Amino acid sequence: MSETVRPAFADRERPLLSYGIPFPAAAAEHVTKTFGASRVYVICSGSLSRNTDALGRLTAALGPEKVVGRRLGMQSHTLWSEVLQIVEEARKAKADLLLTLGAGSLTDAAKIVALALGNHVQNASDLATLAEGPSKRPQIQPPTIPIISIPTSLSAGEYSNFAGGTEDRSHRKYSFQAPSRGPQLVILDPELAETTPDSVWLSTGIRAVDHCVETLCATKGTSPESDKLAGHALMLSGGGGGHGCVFQRIGAIGSKSWYWPSGHGETSCILLPAVCKYNARHNANCERQARVRDVLLSDPVVTEILQLHSSSSDTLDLGDILDLVIRELGMPRSLTDVGVGRDKVDGLAENSLHDRWCRTNPVPLTDKSQVLEILDMVL
C-alpha cells in the first residue's frame with residue numbers, strides 16, 4: 001500500500017488528508033517530516049486505550065521518547081476543567097504538537113487547548129476571555145502548536161476551525177471561533193474505524209446527515225453549489241453504504257448548545273426530526289423540506305424502511321421519514337432514552353438561547369418558549 005496525501009478541500013491548503021497506510025506509520029512520518037515536531041502530547045479515547053492496542057502501536061511508531069504527555073479519555077461535550085488540565089500538562093511538557101486519537105470531543109479539546117496555549121491561559125476565567133460572549137478579549141493570538149487528528153467517528157469536527165466547550169458549573173456550552181484553528185492533518189484508517197462501537201458510528205453518521213439536511217433546508221447562506229454538494233453527500237450516506245453508514249446532521253441548536261451526558265451524535269438523533277417538524281409547523285422552509293424529502297424517498301434504503309413499517313410516503317413529511325430511519329437504526333429518539341428528564345428541560349432551553357445557531361434557524365429562536373416547544377416533542 002502507498003499513502004495518499006491531499007488537501008481535504010479544493011479551496012484550502014489545510015487540513016491535509018492522509019490515507020492508504022496504517023495510522024501509526026502515517027503519524028510517525030508526518031510528526032517528523034511535515035511538522036518537525038519532537039514533543040507530542042496525545043489525547044486518546046478512553047475506550048481505545050482500554051480495549052485496543054491503538055495507543056501502544058501509535059507510541060511505538062512515534063518513539064516513546066517523543067510522547068511527552070497523554071490524556072486518556074474525556075467526557076462528552078469537552079468540559080473546561082479537562083481542557084485546562086491538558087493545557088497545564090502540555091505547557092509543562094513543552095509539547096510542540098497535539099495529536100488526537102478518537103472522536104469529536106477530543107478534537108474540540110485539542111482546538112481549545114492550542115488556542116489557550118497561544119494565549120497564556122491559566123484558569124477558567126482566562127479561558128472565558130477566548131470564548132464568544134461579553135468577556136471575549138479584543139485581541140486573541142492564533143495558535144502556534146499544530147494538531148493531528150486520527151478520527152474514529154463520523155462527527156467531522158476535525159474539518160472545522162471552530163470548537164465547543166462546556167463550562168462545568170453552568171453546564172453552558174461556549175463557542176470558540178477565529179482565530180482558533182482545526183487540525184492541520186487528518187489521518188484516516190478504516191481498520192481503526194472498525195473498532196468504533198456501532199452505536200457511536202451510527203449516531204455520528206446521523207450527525208453527518210444532520211449537517212446535510214441543515215444545509216438543504218436553510219433559507220439563507222446557501223448556494224446552488226452548496227445544495228448540490230449536500231444532496232450528493234446525503235445520498236452517499238444512505239444508498240452508498242446501506243445501514244452501515246446511513247445518513248449524517250440539522251439541529252445545530254441541539255448538538256452545539258445544549259449540554260447533557262450523551263454524545264453529539266445522539267443529540268442529532270433526538271432533535272433532527274423535531275426541528276424539522278417545528279420549522280414546518282411554522283411554515284418556515286416547507287418548500288425546501290419537501291425537496292429534501294424527495295431526495296430521501298429516492299433512496300432504496302429509505303423506501304425499504306417505509307415498507308417495513310407499512311408507511312405510505314404520501315402521508316409522511318421530512319420529520320416523519322427521518323424519525324423512521326433513525327428508529328430503524330436503533331438510535332435514541334427521546335430525552336428519556338438518554339436519561340434526561342423534565343426537570344432538566346428548562347435549563348436546556350435557557351442555555352440553548354446563548355448559541356448563535358438558534359438565531360439562524362429558519363424560524364429564529366429567540367425565546368425560551370420556542371425551544372420548549374421543540375423539547376416537548378422529544379420528552
# chains A, B, ... in the order shown; residues from 1 in each chain; ligands from 1
$ select_by_dssp --residues "stretch 41-221 of chain A" --states "alpha helix (DSSP H)" --output "PyMOL selection string"
chain A and resi 46-51+54-62+80-92+104-117+124-128+190-193+198-217
$ write_last_selection --atoms "C-alpha atoms" --output "PDB file, in the first residue's frame"
ATOM      1  CA  GLY A  46     -10.566   6.133  26.925  1.00  0.00           C
ATOM      2  CA  SER A  47     -12.204   3.156  25.234  1.00  0.00           C
ATOM      3  CA  LEU A  48      -9.453   2.922  22.628  1.00  0.00           C
ATOM      4  CA  SER A  49      -6.787   2.984  25.330  1.00  0.00           C
ATOM      5  CA  ARG A  50      -8.584   0.281  27.354  1.00  0.00           C
ATOM      6  CA  ASN A  51      -9.918  -2.028  24.680  1.00  0.00           C
ATOM      7  CA  ALA A  54      -4.083   1.503  19.142  1.00  0.00           C
ATOM      8  CA  LEU A  55      -2.297   3.782  21.616  1.00  0.00           C
ATOM      9  CA  GLY A  56       0.543   1.309  22.079  1.00  0.00           C
ATOM     10  CA  ARG A  57       1.030   0.979  18.329  1.00  0.00           C
ATOM     11  CA  LEU A  58       0.991   4.748  17.922  1.00  0.00           C
ATOM     12  CA  THR A  59       3.500   5.286  20.734  1.00  0.00           C
ATOM     13  CA  ALA A  60       5.845   2.641  19.356  1.00  0.00           C
ATOM     14  CA  ALA A  61       5.741   4.174  15.884  1.00  0.00           C
ATOM     15  CA  LEU A  62       6.348   7.711  17.115  1.00  0.00           C
ATOM     16  CA  TRP A  80     -13.432  23.280  30.511  1.00  0.00           C
ATOM     17  CA  SER A  81     -11.922  21.646  33.596  1.00  0.00           C
ATOM     18  CA  GLU A  82     -10.470  18.817  31.495  1.00  0.00           C
ATOM     19  CA  VAL A  83      -9.254  21.228  28.832  1.00  0.00           C
ATOM     20  CA  LEU A  84      -7.404  23.231  31.494  1.00  0.00           C
ATOM     21  CA  GLN A  85      -5.779  20.071  32.853  1.00  0.00           C
ATOM     22  CA  ILE A  86      -4.416  19.304  29.386  1.00  0.00           C
ATOM     23  CA  VAL A  87      -3.261  22.898  28.921  1.00  0.00           C
ATOM     24  CA  GLU A  88      -1.238  22.714  32.149  1.00  0.00           C
ATOM     25  CA  GLU A  89       0.282  19.325  31.305  1.00  0.00           C
ATOM     26  CA  ALA A  90       1.096  20.253  27.701  1.00  0.00           C
ATOM     27  CA  ARG A  91       2.679  23.529  28.803  1.00  0.00           C
ATOM     28  CA  LYS A  92       4.850  21.826  31.441  1.00  0.00           C
ATOM     29  CA  GLY A 104     -15.209  14.564  18.287  1.00  0.00           C
ATOM     30  CA  SER A 105     -14.902  15.777  21.873  1.00  0.00           C
ATOM     31  CA  LEU A 106     -11.168  15.103  21.785  1.00  0.00           C
ATOM     32  CA  THR A 107     -10.818  17.124  18.591  1.00  0.00           C
ATOM     33  CA  ASP A 108     -12.664  20.087  20.064  1.00  0.00           C
ATOM     34  CA  ALA A 109     -10.472  19.816  23.150  1.00  0.00           C
ATOM     35  CA  ALA A 110      -7.301  19.972  21.086  1.00  0.00           C
ATOM     36  CA  LYS A 111      -8.508  23.089  19.257  1.00  0.00           C
ATOM     37  CA  ILE A 112      -9.278  24.862  22.528  1.00  0.00           C
ATOM     38  CA  VAL A 113      -6.026  23.678  24.134  1.00  0.00           C
ATOM     39  CA  ALA A 114      -3.986  25.010  21.202  1.00  0.00           C
ATOM     40  CA  LEU A 115      -5.772  28.368  21.394  1.00  0.00           C
ATOM     41  CA  ALA A 116      -5.305  28.501  25.177  1.00  0.00           C
ATOM     42  CA  LEU A 117      -1.591  27.709  24.935  1.00  0.00           C
ATOM     43  CA  ALA A 124     -11.302  29.209  33.710  1.00  0.00           C
ATOM     44  CA  SER A 125     -11.509  32.998  33.897  1.00  0.00           C
ATOM     45  CA  ASP A 126      -8.741  33.279  31.319  1.00  0.00           C
ATOM     46  CA  LEU A 127     -10.408  30.674  29.128  1.00  0.00           C
ATOM     47  CA  ALA A 128     -13.683  32.620  29.198  1.00  0.00           C
ATOM     48  CA  PRO A 190     -10.585   2.110   8.074  1.00  0.00           C
ATOM     49  CA  GLU A 191      -9.076  -0.662  10.185  1.00  0.00           C
ATOM     50  CA  LEU A 192      -9.028   1.655  13.196  1.00  0.00           C
ATOM     51  CA  ALA A 193     -12.603   2.769  12.457  1.00  0.00           C
ATOM     52  CA  ASP A 198     -21.876   0.534  16.286  1.00  0.00           C
ATOM     53  CA  SER A 199     -23.858   2.973  18.430  1.00  0.00           C
ATOM     54  CA  VAL A 200     -21.171   5.652  18.090  1.00  0.00           C
ATOM     55  CA  TRP A 201     -20.660   5.031  14.373  1.00  0.00           C
ATOM     56  CA  LEU A 202     -24.384   5.213  13.600  1.00  0.00           C
ATOM     57  CA  SER A 203     -25.171   8.171  15.858  1.00  0.00           C
ATOM     58  CA  THR A 204     -22.321  10.244  14.443  1.00  0.00           C
ATOM     59  CA  GLY A 205     -23.484   9.163  10.988  1.00  0.00           C
ATOM     60  CA  ILE A 206     -26.847  10.749  11.781  1.00  0.00           C
ATOM     61  CA  ARG A 207     -24.944  13.840  12.893  1.00  0.00           C
ATOM     62  CA  ALA A 208     -23.467  13.994   9.410  1.00  0.00           C
ATOM     63  CA  VAL A 209     -26.938  13.579   7.879  1.00  0.00           C
ATOM     64  CA  ASP A 210     -27.959  16.428  10.171  1.00  0.00           C
ATOM     65  CA  HIS A 211     -25.338  18.680   8.503  1.00  0.00           C
ATOM     66  CA  CYS A 212     -26.642  17.767   5.048  1.00  0.00           C
ATOM     67  CA  VAL A 213     -30.291  18.359   5.957  1.00  0.00           C
ATOM     68  CA  GLU A 214     -29.400  21.603   7.705  1.00  0.00           C
ATOM     69  CA  THR A 215     -27.737  22.907   4.542  1.00  0.00           C
ATOM     70  CA  LEU A 216     -30.537  21.780   2.243  1.00  0.00           C
ATOM     71  CA  CYS A 217     -33.265  23.227   4.497  1.00  0.00           C
TER      72      CYS A 217
END
$ closest_atom_pairs --of "stretch 64-137 of chain A" --to "stretch 353-364 of chain A" --cutoff "12 Å" --atoms "only C-alpha atoms" --output "Markdown table"
| residue | atom | partner | partner_atom | distance |
| --- | --- | --- | --- | --- |
| A:Ala131 | CA | A:Asp355 | CA | 11.7 |
| A:Glu132 | CA | A:Asp355 | CA | 9.3 |
| A:Gly133 | CA | A:His354 | CA | 8.8 |
| A:Pro134 | CA | A:His354 | CA | 11.3 |
$ residues_around --residues "stretch 69-76 of chain A" --least-positions-apart "6" --cutoff "6 Å" --atoms "only C-alpha atoms" --output "list of chain:residue names"
A:Tyr41, A:Val42, A:Ile43, A:Cys44, A:Ser45, A:Gly46, A:Ser105, A:Gly263
$ atom_distance --atom1 "atom CA of A:Gly265" --atom2 "atom CA of A:His77"
11.0 Å
$ atom_distance --atom1 "atom CA of A:Pro146" --atom2 "atom CA of A:Leu185"
8.7 Å
$ atom_distance --atom1 "atom CA of A:Asn119" --atom2 "atom CA of A:Val186"
24.5 Å
$ closest_residue --among "A:Gly347, A:Pro332, A:Gly231, A:Pro179" --to "A:Asp294" --atoms "only C-alpha atoms"
A:Gly231
$ closest_residue --among "A:Gly319, A:Lys344, A:Ser149, A:Leu188" --to "A:Tyr278" --atoms "only C-alpha atoms"
A:Gly319
$ residues_around --residues "A:Gly20" --least-positions-apart "3" --cutoff "6 Å" --atoms "only C-alpha atoms" --output "VMD selection string"
chain A and resid 2 to 4
$ residues_around --residues "A:Pro138" --least-positions-apart "3" --cutoff "10 Å" --atoms "only C-alpha atoms" --output "ChimeraX atom specification"
/A:129-130,135
$ write_last_selection --atoms "all heavy atoms" --output "PDB file, in the first residue's frame"
ATOM      1  N   THR A 129     -12.224  34.382  28.356  1.00  0.00           N
ATOM      2  CA  THR A 129     -11.914  35.532  27.506  1.00  0.00           C
ATOM      3  C   THR A 129     -11.594  35.135  26.069  1.00  0.00           C
ATOM      4  O   THR A 129     -11.429  35.997  25.208  1.00  0.00           O
ATOM      5  CB  THR A 129     -10.731  36.335  28.077  1.00  0.00           C
ATOM      6  OG1 THR A 129      -9.523  35.548  27.986  1.00  0.00           O
ATOM      7  CG2 THR A 129     -10.964  36.726  29.518  1.00  0.00           C
ATOM      8  N   LEU A 130     -11.502  33.843  25.800  1.00  0.00           N
ATOM      9  CA  LEU A 130     -11.282  33.369  24.427  1.00  0.00           C
ATOM     10  C   LEU A 130     -12.579  32.917  23.765  1.00  0.00           C
ATOM     11  O   LEU A 130     -12.619  32.725  22.546  1.00  0.00           O
ATOM     12  CB  LEU A 130     -10.289  32.193  24.415  1.00  0.00           C
ATOM     13  CG  LEU A 130      -8.925  32.423  25.048  1.00  0.00           C
ATOM     14  CD1 LEU A 130      -8.046  31.195  24.862  1.00  0.00           C
ATOM     15  CD2 LEU A 130      -8.242  33.648  24.452  1.00  0.00           C
ATOM     16  N   SER A 135     -17.271  38.496  27.628  1.00  0.00           N
ATOM     17  CA  SER A 135     -15.943  38.541  28.245  1.00  0.00           C
ATOM     18  C   SER A 135     -14.813  38.370  27.239  1.00  0.00           C
ATOM     19  O   SER A 135     -13.635  38.401  27.613  1.00  0.00           O
ATOM     20  CB  SER A 135     -15.827  37.435  29.306  1.00  0.00           C
ATOM     21  OG  SER A 135     -16.788  37.596  30.322  1.00  0.00           O
TER      22      SER A 135
END
$ select_by_dssp --residues "stretch 94-224 of chain A" --states "strand (DSSP E)" --output "list in words"
Leu97, Leu98, Leu99, Thr100, Leu101, Gly102, Ile147, Ile148, Ser149, Ile150, Pro151, Ala163, Gly164, Gly165, Thr166, Glu167, Arg172, Lys173, Tyr174, Ser175, Phe176, Leu185, Val186 and Ile187 of chain A
$ residues_around --residues "A:Val371" --least-positions-apart "3" --cutoff "10 Å" --atoms "only C-alpha atoms" --output "ChimeraX atom specification"
/A:253-254,275,278,345-346,348-350,352-353,358,365-368,374-376
$ closest_residue --among "A:Pro151, A:Gly164, A:Pro64, A:Gly36" --to "A:Ser18" --atoms "only C-alpha atoms"
A:Pro151
